[in-house]
Amino acid sequence: MEKFTAVILDFETTGLSPGYGDRAIEIGAVLIRNNQVVDRFQSLMNPGKRISGFIEDYTGITNEMLSKAPSAAHVMEQFASFIAGHNLVAHNASFDRRFLDAELSRIGRTRTREFACSMLAARRIYPDAPSHRLETLVSHLGLQTDGLFHRALADAEMTAQLWTAMIGEIKGTYRLKEVSFDLLQSLAGVAKRAVPAYLERVAVGQ
DNA sequence: TGCCAGGCCCTCTTTAGGGCCTT
């Protein structure tokens with residue numbers, strides 16, 4: 001069962017680099033099991049410093065909202081429990097992985113499960129998409145959206161839809177009986193032009 | 001306030017450079 005279960009998550013942050021002092025300001029996540037969303041997590045978190053006007057405009061999250069939010073430490077303790085035992089997915093996962101690991105480190109905890117990247121998978125499954133930004137893929141594939149972007153739970157929900165759409169796409173194209181987290185994760189290590197042959201070999205093996 | 005990164009991937013490549021993607 002676990003190989004068909006994953007937490008799809010998204011951070012809003014003060015900037016691009018935790019190594020230069022940037023912090024998480026919101027976490028949103030959905031737990032999917034067999035392509036169904038079965039649980040959700042969302043919280044703003046107070047980063048202990050003011051955010052720039054650019055981030056306020058980009059996310060719609062204001063300094064006033066964050067001043068009333070629980071501390072990052074408190075939220076991350078709860079989130080660590082939410083993700084415990086589950087594989088993880090994010091769009092451009094190298095970004096969210098750095099922030100997750102940095103925020104967990106601040107509370108003396110460590111990530112124990114693997115990350116998969118929906119962007120790297122999408123580049124291989126939808127090579128002809130106009131771009132592989134989350135917003136563009138959602139539009140290109142006609143995925144359901146409430147029009148809200150750059151908020152953590154909304155982006156996590158759309159990434160989950162993208163993830164399940166990709167599972168459906170390769171199931172249908174290659175007649176795979178099942179598509180696990182490990183299979184989608186493994187695509188990132190396969191050269192783009194080798195992906196069709198790779199998936200055909202997987203299908204034969206099933 | 002504005003700045004800061006880093007991994008992937010393509011090509012006019014591999015003794016490199018630059019666009020994409022995340023906030």
# chains A, B, ... in the order shown; residues from 1 in each chain; ligands from 1
>>> closest_atom_pairs(of="chain B", to="chain A", cutoff="6 Å", atoms="only C-alpha atoms (C1' of nucleotides)", output="Markdown table")
| residue | atom | partner | partner_atom | distance |
| --- | --- | --- | --- | --- |
| B:DA5 | C1' | A:Ser17 | CA | 5.4 |
| B:DT22 | C1' | A:Phe95 | CA | 5.4 |
| B:DT23 | C1' | A:Gly15 | CA | 4.6 |
>>> write_last_selection(atoms="N, CA and C atoms (P, O5', C5', C4', C3', O3' and C1' of nucleotides)", output="JSON list (two decimals), in the first residue's frame")
[["chain", "number", "residue", "atom", "x", "y", "z"],
["B", 5, "DA", "P", 23.86, 33.11, -4.74],
["B", 5, "DA", "O5'", 22.66, 32.19, -4.22],
["B", 5, "DA", "C5'", 22.65, 31.72, -2.89],
["B", 5, "DA", "C4'", 22.15, 30.29, -2.84],
["B", 5, "DA", "C3'", 23.09, 29.32, -3.56],
["B", 5, "DA", "O3'", 23.11, 28.12, -2.82],
["B", 5, "DA", "C1'", 20.95, 29.31, -4.62],
["B", 22, "DT", "P", 7.49, 26.61, -11.24],
["B", 22, "DT", "O5'", 8.16, 26.73, -9.80],
["B", 22, "DT", "C5'", 8.17, 25.60, -8.91],
["B", 22, "DT", "C4'", 9.04, 25.91, -7.71],
["B", 22, "DT", "C3'", 8.72, 27.24, -7.06],
["B", 22, "DT", "O3'", 7.63, 27.08, -6.18],
["B", 22, "DT", "C1'", 11.09, 26.87, -7.20],
["B", 23, "DT", "P", 6.62, 28.27, -5.97],
["B", 23, "DT", "O5'", 7.42, 29.32, -5.07],
["B", 23, "DT", "C5'", 7.86, 28.92, -3.77],
["B", 23, "DT", "C4'", 8.51, 30.08, -3.04],
["B", 23, "DT", "C3'", 7.69, 31.35, -2.98],
["B", 23, "DT", "O3'", 6.78, 31.26, -1.89],
["B", 23, "DT", "C1'", 9.96, 31.85, -3.50]]
>>> select_by_dssp(residues="segment 46-143 of chain A", states="helix (DSSP H, G or I)", output="ChimeraX atom specification")
/A:53-59,63-67,72-83,93-106,118-125,134-141
>>> closest_residue(among="A:Glu64, A:Asp101, A:Asp155, A:Glu56", to="Ile27 of chain A", atoms="only C-alpha atoms")
A:Asp155
>>> residues_around(residues="Thr136 of chain A", least_positions_apart="2", cutoff="12 Å", atoms="only C-alpha atoms (C1' of nucleotides)", output="list of chain:residue names")
A:Met119, A:Ala122, A:Tyr126, A:Asp128, A:Ala129, A:Pro130, A:Ser131, A:His132, A:Arg133, A:Leu134, A:Val138, A:Ser139, A:His140, A:Leu141, A:Gly142, A:Leu143, A:Thr145, A:Phe149, A:Met158, A:Thr159, A:Leu162, B:DC21
>>> residues_around(residues="DG18 of chain B", least_positions_apart="4", cutoff="12 Å", atoms="only C-alpha atoms (C1' of nucleotides)", output="list in words")
DC9, DC10 and DT11 of chain B
>>> write_last_selection(atoms="C-alpha atoms (C1' of nucleotides)", output="mmCIF file, in the first residue's frame")
data_model
loop_
_atom_site.group_PDB
_atom_site.id
_atom_site.type_symbol
_atom_site.label_atom_id
_atom_site.label_comp_id
_atom_site.auth_asym_id
_atom_site.auth_seq_id
_atom_site.Cartn_x
_atom_site.Cartn_y
_atom_site.Cartn_z
ATOM 1 C "C1'" DC B 9 19.196 19.804 -19.086
ATOM 2 C "C1'" DC B 10 20.324 21.407 -23.672
ATOM 3 C "C1'" DT B 11 23.921 22.663 -26.923
#
>>> atom_distance(atom1="atom CA of Ile32 of chain A", atom2="atom CA of Phe181 of chain A")
10.9 Å
>>> residues_around(residues="Arg175 of chain A", least_positions_apart="5", cutoff="12 Å", atoms="only C-alpha atoms (C1' of nucleotides)", output="mmCIF file with all heavy atoms, in the first residue's frame")
data_model
loop_
_atom_site.group_PDB
_atom_site.id
_atom_site.type_symbol
_atom_site.label_atom_id
_atom_site.label_comp_id
_atom_site.auth_asym_id
_atom_site.auth_seq_id
_atom_site.Cartn_x
_atom_site.Cartn_y
_atom_site.Cartn_z
ATOM 1 N N ILE A 167 0.320 9.549 -13.566
ATOM 2 C CA ILE A 167 0.119 8.115 -13.351
ATOM 3 C C ILE A 167 -0.876 7.573 -14.377
ATOM 4 O O ILE A 167 -0.640 6.538 -15.010
ATOM 5 C CB ILE A 167 -0.378 7.865 -11.906
ATOM 6 C CG1 ILE A 167 0.773 8.122 -10.923
ATOM 7 C CG2 ILE A 167 -0.914 6.445 -11.758
ATOM 8 C CD1 ILE A 167 0.344 8.131 -9.463
ATOM 9 N N GLY A 168 -1.977 8.305 -14.575
ATOM 10 C CA GLY A 168 -2.967 7.884 -15.553
ATOM 11 C C GLY A 168 -2.424 7.885 -16.968
ATOM 12 O O GLY A 168 -2.715 6.982 -17.766
ATOM 13 N N GLU A 169 -1.613 8.886 -17.270
ATOM 14 C CA GLU A 169 -1.045 9.013 -18.619
ATOM 15 C C GLU A 169 -0.157 7.809 -18.957
ATOM 16 O O GLU A 169 -0.303 7.206 -20.021
ATOM 17 C CB GLU A 169 -0.235 10.307 -18.702
ATOM 18 C CG GLU A 169 0.523 10.504 -19.999
ATOM 19 C CD GLU A 169 -0.380 10.814 -21.183
ATOM 20 O OE1 GLU A 169 -1.496 11.312 -20.953
ATOM 21 O OE2 GLU A 169 0.049 10.550 -22.334
ATOM 22 N N ILE A 170 0.754 7.466 -18.065
ATOM 23 C CA ILE A 170 1.655 6.367 -18.423
ATOM 24 C C ILE A 170 0.973 5.003 -18.263
ATOM 25 O O ILE A 170 1.307 4.065 -18.988
ATOM 26 C CB ILE A 170 2.993 6.431 -17.650
ATOM 27 C CG1 ILE A 170 2.815 6.365 -16.153
ATOM 28 C CG2 ILE A 170 3.757 7.673 -18.014
ATOM 29 C CD1 ILE A 170 4.151 6.415 -15.414
ATOM 30 N N LEU A 199 9.746 2.660 -20.099
ATOM 31 C CA LEU A 199 8.404 2.327 -19.619
ATOM 32 C C LEU A 199 7.862 1.074 -20.314
ATOM 33 O O LEU A 199 7.121 0.296 -19.702
ATOM 34 C CB LEU A 199 7.460 3.519 -19.821
ATOM 35 C CG LEU A 199 7.745 4.704 -18.885
ATOM 36 C CD1 LEU A 199 6.883 5.906 -19.263
ATOM 37 C CD2 LEU A 199 7.508 4.327 -17.421
ATOM 38 N N GLU A 200 8.265 0.869 -21.557
ATOM 39 C CA GLU A 200 7.836 -0.363 -22.235
ATOM 40 C C GLU A 200 8.441 -1.588 -21.554
ATOM 41 O O GLU A 200 7.779 -2.626 -21.407
ATOM 42 C CB GLU A 200 8.240 -0.310 -23.713
ATOM 43 C CG GLU A 200 7.275 0.528 -24.545
ATOM 44 C CD GLU A 200 7.855 0.923 -25.906
ATOM 45 O OE1 GLU A 200 8.815 0.278 -26.353
ATOM 46 O OE2 GLU A 200 7.321 1.888 -26.492
ATOM 47 N N ARG A 201 9.696 -1.459 -21.112
ATOM 48 C CA ARG A 201 10.329 -2.576 -20.389
ATOM 49 C C ARG A 201 9.614 -2.831 -19.064
ATOM 50 O O ARG A 201 9.407 -3.989 -18.675
ATOM 51 C CB ARG A 201 11.806 -2.276 -20.121
ATOM 52 C CG ARG A 201 12.712 -2.470 -21.319
ATOM 53 C CD ARG A 201 14.162 -2.632 -20.900
ATOM 54 N NE ARG A 201 14.658 -1.534 -20.080
ATOM 55 C CZ ARG A 201 15.112 -0.382 -20.563
ATOM 56 N NH1 ARG A 201 15.126 -0.167 -21.871
ATOM 57 N NH2 ARG A 201 15.550 0.554 -19.746
ATOM 58 N N VAL A 202 9.238 -1.763 -18.392
ATOM 59 C CA VAL A 202 8.510 -1.921 -17.125
ATOM 60 C C VAL A 202 7.184 -2.642 -17.373
ATOM 61 O O VAL A 202 6.796 -3.544 -16.622
ATOM 62 C CB VAL A 202 8.257 -0.551 -16.464
ATOM 63 C CG1 VAL A 202 7.338 -0.687 -15.251
ATOM 64 C CG2 VAL A 202 9.583 0.084 -16.040
ATOM 65 N N ALA A 203 6.497 -2.251 -18.454
ATOM 66 C CA ALA A 203 5.197 -2.854 -18.758
ATOM 67 C C ALA A 203 5.339 -4.349 -19.024
ATOM 68 O O ALA A 203 4.520 -5.159 -18.564
ATOM 69 C CB ALA A 203 4.563 -2.153 -19.959
ATOM 70 N N VAL A 204 6.391 -4.717 -19.744
ATOM 71 C CA VAL A 204 6.614 -6.136 -20.033
ATOM 72 C C VAL A 204 6.844 -6.907 -18.730
ATOM 73 O O VAL A 204 6.351 -8.024 -18.541
ATOM 74 C CB VAL A 204 7.822 -6.313 -20.990
ATOM 75 C CG1 VAL A 204 8.243 -7.766 -21.070
ATOM 76 C CG2 VAL A 204 7.472 -5.780 -22.369
ATOM 77 N N GLY A 205 7.563 -6.249 -17.801
ATOM 78 C CA GLY A 205 7.867 -6.884 -16.523
ATOM 79 C C GLY A 205 6.651 -7.067 -15.638
ATOM 80 O O GLY A 205 6.644 -7.875 -14.711
ATOM 81 N N GLN A 206 5.610 -6.271 -15.889
ATOM 82 C CA GLN A 206 4.385 -6.391 -15.089
ATOM 83 C C GLN A 206 3.466 -7.455 -15.674
ATOM 84 O O GLN A 206 2.444 -7.756 -15.137
ATOM 85 C CB GLN A 206 3.645 -5.045 -15.024
ATOM 86 C CG GLN A 206 4.354 -4.031 -14.116
ATOM 87 C CD GLN A 206 3.532 -2.778 -13.912
ATOM 88 O OE1 GLN A 206 2.452 -2.629 -14.492
ATOM 89 N NE2 GLN A 206 4.051 -1.853 -13.110
#
>>> select_by_dssp(residues="chain A", states="strand (DSSP E)", output="ChimeraX atom specification")
/A:5-13,24-33,36-44,87-90,115-117
>>> atom_distance(atom1="atom CA of Met65 of chain A", atom2="atom CA of Glu77 of chain A")
20.4 Å
>>> closest_residue(among="A:Asn87, A:Asn34, A:Ser186, A:Gln144", to="Ala6 of chain A", atoms="only C-alpha atoms")
A:Asn87
>>> closest_residue(among="A:Ala121, A:Leu148, A:Ala165, A:Ala154", to="Val195 of chain A", atoms="only C-alpha atoms")
A:Ala121
>>> decode(residues="segment 122-153 of chain A", atoms="N, CA, C and O atoms", output="compact mmCIF listing (two decimals), in the first residue's frame")
# COMPACT_ATOMS: atom_id res chain seq x y z
N ALA A 122 7.36 15.39 -15.13
CA ALA A 122 6.55 16.02 -16.18
C ALA A 122 7.37 16.34 -17.42
O ALA A 122 6.87 16.27 -18.54
N ARG A 123 8.63 16.71 -17.23
CA ARG A 123 9.48 16.98 -18.39
C ARG A 123 9.62 15.75 -19.27
O ARG A 123 9.81 15.88 -20.49
N ARG A 124 9.51 14.57 -18.66
CA ARG A 124 9.66 13.33 -19.42
C ARG A 124 8.32 12.82 -19.96
O ARG A 124 8.27 12.23 -21.04
N ILE A 125 7.27 13.03 -19.20
CA ILE A 125 5.96 12.50 -19.61
C ILE A 125 5.25 13.46 -20.57
O ILE A 125 4.51 13.03 -21.46
N TYR A 126 5.48 14.77 -20.38
CA TYR A 126 4.88 15.77 -21.27
C TYR A 126 5.99 16.63 -21.89
O TYR A 126 6.08 17.84 -21.64
N PRO A 127 6.85 16.01 -22.72
CA PRO A 127 8.00 16.76 -23.26
C PRO A 127 7.59 17.94 -24.14
O PRO A 127 8.38 18.87 -24.32
N ASP A 128 6.39 17.92 -24.67
CA ASP A 128 5.96 18.98 -25.59
C ASP A 128 5.11 20.06 -24.91
O ASP A 128 4.58 20.93 -25.60
N ALA A 129 4.99 20.02 -23.60
CA ALA A 129 4.24 21.08 -22.90
C ALA A 129 4.94 22.42 -23.13
O ALA A 129 6.17 22.48 -23.25
N PRO A 130 4.15 23.51 -23.18
CA PRO A 130 4.75 24.84 -23.46
C PRO A 130 5.81 25.23 -22.44
O PRO A 130 6.76 25.93 -22.77
N SER A 131 5.62 24.82 -21.19
CA SER A 131 6.67 24.94 -20.19
C SER A 131 6.32 23.92 -19.11
O SER A 131 5.27 23.28 -19.16
N HIS A 132 7.19 23.77 -18.15
CA HIS A 132 6.93 22.80 -17.09
C HIS A 132 6.75 23.47 -15.73
O HIS A 132 6.91 22.84 -14.69
N ARG A 133 6.40 24.76 -15.77
CA ARG A 133 5.92 25.44 -14.57
C ARG A 133 4.61 24.79 -14.15
O ARG A 133 3.82 24.36 -15.00
N LEU A 134 4.35 24.76 -12.85
CA LEU A 134 3.12 24.14 -12.36
C LEU A 134 1.89 24.79 -12.98
O LEU A 134 0.97 24.10 -13.45
N GLU A 135 1.86 26.11 -13.00
CA GLU A 135 0.70 26.84 -13.52
C GLU A 135 0.45 26.50 -14.99
O GLU A 135 -0.70 26.32 -15.41
N THR A 136 1.49 26.40 -15.76
CA THR A 136 1.36 26.09 -17.18
C THR A 136 0.88 24.66 -17.39
O THR A 136 0.01 24.41 -18.24
N LEU A 137 1.40 23.73 -16.63
CA LEU A 137 0.99 22.33 -16.77
C LEU A 137 -0.47 22.16 -16.39
O LEU A 137 -1.21 21.41 -17.05
N VAL A 138 -0.91 22.84 -15.34
CA VAL A 138 -2.31 22.77 -14.92
C VAL A 138 -3.23 23.23 -16.05
O VAL A 138 -4.24 22.59 -16.37
N SER A 139 -2.84 24.33 -16.70
CA SER A 139 -3.63 24.85 -17.82
C SER A 139 -3.56 23.92 -19.02
O SER A 139 -4.57 23.59 -19.65
N HIS A 140 -2.35 23.47 -19.34
CA HIS A 140 -2.11 22.61 -20.52
C HIS A 140 -2.91 21.31 -20.43
O HIS A 140 -3.43 20.82 -21.44
N LEU A 141 -3.00 20.77 -19.22
CA LEU A 141 -3.66 19.48 -19.04
C LEU A 141 -5.13 19.63 -18.68
O LEU A 141 -5.85 18.63 -18.57
N GLY A 142 -5.58 20.88 -18.50
CA GLY A 142 -6.99 21.10 -18.15
C GLY A 142 -7.34 20.59 -16.77
O GLY A 142 -8.46 20.12 -16.54
N LEU A 143 -6.40 20.66 -15.84
CA LEU A 143 -6.65 20.18 -14.48
C LEU A 143 -7.54 21.17 -13.73
O LEU A 143 -7.55 22.36 -14.01
N GLN A 144 -8.27 20.63 -12.78
CA GLN A 144 -9.20 21.45 -11.99
C GLN A 144 -8.42 22.44 -11.12
O GLN A 144 -7.43 22.08 -10.48
N THR A 145 -8.85 23.68 -11.12
CA THR A 145 -8.19 24.70 -10.30
C THR A 145 -9.21 25.72 -9.84
O THR A 145 -10.20 25.98 -10.54
N ASP A 146 -8.96 26.28 -8.66
CA ASP A 146 -9.83 27.37 -8.21
C ASP A 146 -9.24 28.72 -8.57
O ASP A 146 -9.73 29.76 -8.13
N GLY A 147 -8.17 28.70 -9.36
CA GLY A 147 -7.57 29.94 -9.83
C GLY A 147 -6.56 30.55 -8.88
O GLY A 147 -5.93 31.56 -9.19
N LEU A 148 -6.40 29.93 -7.71
CA LEU A 148 -5.45 30.46 -6.72
C LEU A 148 -4.09 29.80 -6.94
O LEU A 148 -3.98 28.58 -7.00
N PHE A 149 -3.05 30.63 -7.11
CA PHE A 149 -1.70 30.11 -7.25
C PHE A 149 -0.80 30.78 -6.22
O PHE A 149 -1.12 31.85 -5.68
N HIS A 150 0.30 30.13 -5.95
CA HIS A 150 1.31 30.66 -5.02
C HIS A 150 0.81 30.73 -3.58
O HIS A 150 1.28 31.58 -2.82
N ARG A 151 -0.16 29.90 -3.26
CA ARG A 151 -0.48 29.61 -1.87
C ARG A 151 -0.24 28.11 -1.68
O ARG A 151 -0.49 27.31 -2.58
N ALA A 152 0.23 27.75 -0.49
CA ALA A 152 0.81 26.42 -0.31
C ALA A 152 -0.18 25.28 -0.56
O ALA A 152 0.14 24.34 -1.28
N LEU A 153 -1.38 25.36 0.05
CA LEU A 153 -2.29 24.24 -0.12
C LEU A 153 -2.83 24.17 -1.55
O LEU A 153 -2.94 23.09 -2.12
